[in-house]
Structure formats: structure tokens, C-alpha cells
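Novice: The structure follows.
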Amino acid sequence: MDATVNTAANQEEFVISRIFNAPCKQVWMAWTEREQLMQWFGPQGCTLSHAALDLRVGGTFHYAMRMPDGHEMWGKWTFREIAAPSKLVLINSFSDAQGGITRHPLSAGWPLETLSTTTFEAQGDKTRLTLCWSPWNATEHERATFNAALNSMEQGWGGTFAQLDAYLEKQRTNTADREIVISRVFDAPRELVWEAMTKPEHVVHWWGPNGFTNTLEKMDFRVGGVWKHIMHGPDGTDYPNKSVFTAIVEPERIELCNGGTYKGDPNANFDATWRFEVVDRQTKVTIHLVFPTAEARNMVVEKYGAIEGGHQTLARLAGYLSKV
């Protein structure tokens, strides 16, 4: 993580920026998913004892932060703009257990509301995160109180960023308990397997576990393109899917970010990598999924049978390739 860049563009704005050693989508997810926020959010020595997140425009993040001395402080975000994975705008305020807006418990002159704009800028495999913070609907006295606290804000957010950096590093070096890896060798040339997995006219015929069918809405196969379809289960249940292609290296590798395959369950978000290897004139396909938490990974395995479903999906691809 690069050194902090901290400026006050004017007397009523606090700006702090850091570069994190993680891809943009990973930093975004750490900042916008409840289970991940619970792992790191807050200055060093602080933890979240309560968190309720409704990530939508008009929704809130209501949390209780436990201080090192055991005292709790409640806070609330109200989302004004959400542009994943690049920008998040919200109104920040102190709160109570019921979600009401309250005064700063240690500073009566602190603004009741502040405007926070956080941007996430990809820089190769790293991410520059910039947070801009300013008073909102504030009195002159509240603005003066905010301006006088710039140094303490730098310390507080600096400690918070340090915790985020440590959390992201832990994610980067230890993903075993958050992974699903499924592979199969196909008796077909790599170019044909690649085409069967990337062309909508092929995918619609085999994708999904046994008994599933698909309604393909969109498959824009390019970096940044969206793959959107509905899987229809044998019992009539629909499973909406939406993924974004984040890397394509033909015919070797595809990377995607899935926005919730399992009936829109937010805990089912994951990153996927498909690898295509030539092995003795055959093609080995390995699908590697990484979930944000071990709990999310275990949930899709236990509740939705993700591992068995993955093996069945590749078996259906093998059957389709034999016909092609």
C-alpha cells in the first residue's frame, strides 16, 4: 500500500487516497459487502459489533463500532449514488441503535451529516482508493468544527485504511477455504472447447447441472462485457445470472465477476477463472471460483450443491462436444 496522500482542497473538504495491492473489484467488494466490512472496517483496535447493509440508492449501512475500551458508537450511511465498481456516494452520520441521526458523542459541534464520495480507480492489478469528505447541510459552526479536525481525520482514516490493507493482504495470500476448483479433460481440441464455452449459440445448449435449461438474454464476450441469462431448474425455479468478463486471453484464460448466481443471494458473489490447457492432444478445463468469505463458499456448496452442479455442467459440455 502506497503512502497516504492527504490534502484539503478547500477549508471544508478532507481528501485521503491510497493505493492497495488488490484488483479494483476486490477492493470494491471489501468496501460494499457486509461480511467483509465486519472483518476490517474502523480504526485500528476497533471492531464492528453490529452491521446491517442494504446496498441500493436510498438504502443504508447501519453499524455499531466497538472501541478498544469496550464503548460502542453507532453510525449510518445513506447511499446516494452507486456505480460499481468505481464510485460510491453517501451521507454519513452518527446514529443510535434504532437508526436515528444523532450528534457526535464526543463533539457537540460536529456536523449532523457529512457527504462522503469514495472512488476506486484501477491501476494495473492495484487500486487507488480516494475518499472525499465534507460537511453536508451544515452550519458555520459545524463547518468550523469539521475543518479543525483534519489531523484527527487523517489518523482515523489512516488506521482504517491500514486495517483494509491487512485484510486484503490476508485475502490475497490465503484463499483455500474460499475456493471451489473443478476440472475435466475433454477429448476435443482446445479451440473447439473455447468456442463451445464462449459462443452463445453453443452455451445455451449445455450450461448448468442436469435438467437445467437456459434463457440467454445477453452474452457480450469482451472485457467489460456482460453475460446475462436465466437458468431454469427442473422444479421450475428460475436462477437469474449476471457476470462481467474482466479478462480474456484467447484461448488460454477467461476471468469473470459473478454478481449473484443463486437466486440473487448476495453471499453467492464470486470471481471465476476458466483455464484451458492442452494435455496429450486433449483439453483440460479448470474452473476456479473464489468467494469473498469461507461462509459464502460453504453456503453455495451446502445449500445449492455447487460442486456437484459444476461437475454435472462440465459433463454436459463433454456430451455436447461429442455431438459437435
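In the C-alpha cells, chains take the letters A, B, ... in the order shown, each chain's residues start at 1, and ligands count up from 1 in the order shown.
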Run DSSP on the backbone and grab whatever in segment 71-145 of chain A lands in helix (DSSP H, G or I); send it over as a list in words.
Specialist: Glu140, His141, Glu142, Arg143, Ala144 and Thr145 of chain A
Novice: Any chance you can output those residues with N, CA and C atoms as a CSV table (one decimal), in the first residue's frame?
Specialist:
```csv
chain,number,residue,atom,x,y,z
A,140,GLU,N,-22.3,27.2,10.1
A,140,GLU,CA,-21.0,27.8,10.0
A,140,GLU,C,-20.2,27.2,11.2
A,141,HIS,N,-20.8,27.0,12.4
A,141,HIS,CA,-20.0,26.4,13.5
A,141,HIS,C,-19.7,25.0,13.2
A,142,GLU,N,-20.6,24.2,12.6
A,142,GLU,CA,-20.3,22.8,12.3
A,142,GLU,C,-19.2,22.7,11.3
A,143,ARG,N,-19.2,23.6,10.3
A,143,ARG,CA,-18.1,23.6,9.3
A,143,ARG,C,-16.7,23.9,9.9
A,144,ALA,N,-16.8,24.8,10.8
A,144,ALA,CA,-15.5,25.2,11.5
A,144,ALA,C,-15.0,24.0,12.4
A,145,THR,N,-15.9,23.3,13.0
A,145,THR,CA,-15.5,22.1,13.8
A,145,THR,C,-14.9,21.0,12.9
```
Novice: Please build the interface table for segment 148-193 of chain A against segment 241-250 of chain A with a cut-off of 12 Å, listing for each qualifying residue the nearest atom pair and the distance in Å to one decimal; count only C-alpha atoms, order rows by chain and increasing number, and write it as a Markdown table.
Specialist:
```
| residue | atom | partner | partner_atom | distance |
| --- | --- | --- | --- | --- |
| A:Arg190 | CA | A:Glu250 | CA | 10.2 |
| A:Glu191 | CA | A:Glu250 | CA | 9.0 |
| A:Leu192 | CA | A:Glu250 | CA | 11.9 |
| A:Val193 | CA | A:Glu250 | CA | 11.5 |
```
Novice: Given only C-alpha atoms as the basis, pick out the residue of A:Asn269, A:Thr47, A:Thr127, A:Thr237 nearest to Met299 of chain A.
Specialist: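 That would be A:Asn269, the residue with the smallest distance to Met299 of chain A.
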Novice: Determine which residues of segment 7-75 of chain A receive a DSSP assignment of strand (DSSP E), computed from the backbone, and state them as number ranges by chain.
Specialist: A: 7, 14-20, 47-53, 60-66, 72-75
Novice: Would you output that residue set with N, CA and C atoms, as a compact mmCIF listing (two decimals), in the first residue's frame?
Specialist:
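Result file is out-v5.txt:
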```
# COMPACT_ATOMS: atom_id res chain seq x y z
N THR A 7 -4.87 15.82 1.41
CA THR A 7 -4.94 17.25 1.13
C THR A 7 -6.28 17.79 1.54
N PHE A 14 -12.04 17.16 3.25
CA PHE A 14 -10.93 16.29 3.63
C PHE A 14 -10.79 15.23 2.55
N VAL A 15 -9.57 15.04 2.05
CA VAL A 15 -9.32 14.06 0.98
C VAL A 15 -8.17 13.15 1.40
N ILE A 16 -8.38 11.86 1.28
CA ILE A 16 -7.32 10.90 1.58
C ILE A 16 -7.33 9.85 0.49
N SER A 17 -6.14 9.43 0.02
CA SER A 17 -6.04 8.50 -1.08
C SER A 17 -4.91 7.52 -0.82
N ARG A 18 -5.16 6.26 -1.15
CA ARG A 18 -4.11 5.25 -1.03
C ARG A 18 -4.23 4.24 -2.15
N ILE A 19 -3.12 3.58 -2.46
CA ILE A 19 -3.10 2.52 -3.45
C ILE A 19 -3.00 1.18 -2.71
N PHE A 20 -3.95 0.29 -3.00
CA PHE A 20 -3.99 -1.02 -2.37
C PHE A 20 -3.54 -2.09 -3.37
N THR A 47 -13.65 -2.68 16.33
CA THR A 47 -14.33 -3.75 15.61
C THR A 47 -15.81 -3.39 15.47
N LEU A 48 -16.48 -4.02 14.52
CA LEU A 48 -17.92 -3.84 14.36
C LEU A 48 -18.65 -4.93 15.14
N SER A 49 -19.54 -4.50 16.03
CA SER A 49 -20.34 -5.46 16.80
C SER A 49 -21.72 -5.66 16.20
N HIS A 50 -22.11 -4.78 15.28
CA HIS A 50 -23.40 -4.88 14.60
C HIS A 50 -23.26 -4.25 13.23
N ALA A 51 -23.89 -4.86 12.22
CA ALA A 51 -23.86 -4.28 10.88
C ALA A 51 -25.07 -4.77 10.09
N ALA A 52 -25.80 -3.85 9.50
CA ALA A 52 -26.94 -4.17 8.63
C ALA A 52 -26.78 -3.35 7.36
N LEU A 53 -26.66 -4.04 6.22
CA LEU A 53 -26.36 -3.36 4.96
C LEU A 53 -27.46 -3.57 3.94
N THR A 60 -29.26 1.84 3.39
CA THR A 60 -28.36 2.28 4.46
C THR A 60 -27.41 1.17 4.87
N PHE A 61 -26.33 1.60 5.49
CA PHE A 61 -25.43 0.73 6.24
C PHE A 61 -25.45 1.23 7.68
N HIS A 62 -26.04 0.45 8.59
CA HIS A 62 -26.21 0.84 9.98
C HIS A 62 -25.33 -0.07 10.82
N TYR A 63 -24.44 0.52 11.60
CA TYR A 63 -23.44 -0.29 12.28
C TYR A 63 -23.13 0.26 13.68
N ALA A 64 -22.59 -0.63 14.50
CA ALA A 64 -22.08 -0.24 15.82
C ALA A 64 -20.60 -0.57 15.86
N MET A 65 -19.78 0.41 16.21
CA MET A 65 -18.34 0.22 16.29
C MET A 65 -17.91 0.16 17.76
N ARG A 66 -17.26 -0.92 18.11
CA ARG A 66 -16.80 -1.11 19.49
C ARG A 66 -15.38 -0.60 19.62
N GLU A 72 -19.35 1.54 22.67
CA GLU A 72 -19.88 1.42 21.32
C GLU A 72 -20.34 2.78 20.78
N MET A 73 -20.05 3.01 19.51
CA MET A 73 -20.54 4.19 18.80
C MET A 73 -21.28 3.72 17.56
N TRP A 74 -22.49 4.25 17.36
CA TRP A 74 -23.31 3.85 16.22
C TRP A 74 -23.15 4.85 15.07
N GLY A 75 -23.19 4.32 13.84
CA GLY A 75 -23.09 5.16 12.67
C GLY A 75 -24.03 4.68 11.57
```
Novice: Work out how far apart atom CA of Gln312 of chain A and atom CA of Pro209 of chain A are and give it in Å to one decimal.
Specialist: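 One can read the atom CA of Gln312 of chain A to atom CA of Pro209 of chain A distance as 4.9 Å.
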Novice: Could you tell me which of A:Arg316, A:Arg222, A:Arg178, A:Lys126 comes closest to Val204 of chain A if we count only C-alpha atoms?
Specialist: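 Smallest distance to Val204 of chain A is found for A:Arg316.
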Novice: Might you pull out every residue within 12 Å of Ala22 of chain A, with only C-alpha atoms counted and same-chain residues fewer than 4 positions away left off, and present them as a PyMOL selection string?
Specialist: chain A and resi 1+18+26-30+120-129+164-173
Novice: Let's have the selection written as a short mmCIF file (atom, residue, chain, number, x, y, z; two decimals), in the first residue's frame, with C-alpha atoms.
Specialist:
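again-v8.cif, freshly written:
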```
data_model
loop_
_atom_site.label_atom_id
_atom_site.label_comp_id
_atom_site.auth_asym_id
_atom_site.auth_seq_id
_atom_site.Cartn_x
_atom_site.Cartn_y
_atom_site.Cartn_z
CA MET A 1 0.00 0.00 0.00
CA ARG A 18 -4.11 5.25 -1.03
CA GLN A 26 -11.82 -6.96 -4.83
CA VAL A 27 -11.43 -3.61 -3.05
CA TRP A 28 -14.98 -2.63 -4.05
CA MET A 29 -16.41 -5.85 -2.64
CA ALA A 30 -14.48 -5.41 0.61
CA PHE A 120 -11.99 3.17 -6.93
CA GLU A 121 -9.51 3.55 -9.79
CA ALA A 122 -7.82 0.50 -11.32
CA GLN A 123 -4.06 0.86 -11.72
CA GLY A 124 -2.99 -2.43 -13.26
CA ASP A 125 -3.53 -5.12 -10.63
CA LYS A 126 -3.75 -2.46 -7.92
CA THR A 127 -6.42 0.04 -6.91
CA ARG A 128 -6.23 3.69 -5.99
CA LEU A 129 -8.97 4.46 -3.47
CA LEU A 164 -8.26 -2.71 4.99
CA ASP A 165 -4.77 -3.23 3.63
CA ALA A 166 -4.09 -6.03 6.12
CA TYR A 167 -7.44 -7.66 5.31
CA LEU A 168 -6.79 -7.54 1.54
CA GLU A 169 -3.32 -8.99 2.03
CA LYS A 170 -4.81 -11.85 4.04
CA GLN A 171 -7.29 -12.47 1.25
CA ARG A 172 -4.53 -12.46 -1.34
CA THR A 173 -2.33 -14.97 0.47
#
```
Novice: I'd like the interatomic distance between atom CA of Ala148 of chain A and atom CA of Lys87 of chain A, to a tenth of an Å.
Specialist: 27.2 Å
Novice: Could you please determine the separation between atom CA of Leu256 of chain A and atom CA of Tyr239 of chain A in Å, to one decimal place?
Specialist: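 Distance between the two atoms: 17.8 Å.
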Novice: Pick out the closest residue to Val89 of chain A from this set: A:Pro111, A:Val57, A:Ile101, A:His202. Count only C-alpha atoms.
Specialist: A:Val57
Novice: Which residue is closest to Ala84 of chain A? Choose from A:Trp31, A:Phe41, A:Phe270, A:Trp110 and count only C-alpha atoms.
Specialist: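 Of A:Trp31, A:Phe41, A:Phe270, A:Trp110, the one nearest Ala84 of chain A is A:Trp31, counting only C-alpha atoms.
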Novice: Which of these residues is nearest to Glu195 of chain A, using only C-alpha atoms: A:Pro251, A:Val301, A:Gly42, A:Arg103?
Specialist: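 Closest to Glu195 of chain A, using only C-alpha atoms: A:Pro251.
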Novice: Which is closest to Asp280 of chain A among A:Asp187, A:Ser322, A:Arg297, A:Tyr304, if we use only C-alpha atoms?
Specialist: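 Closest candidate: A:Asp187.
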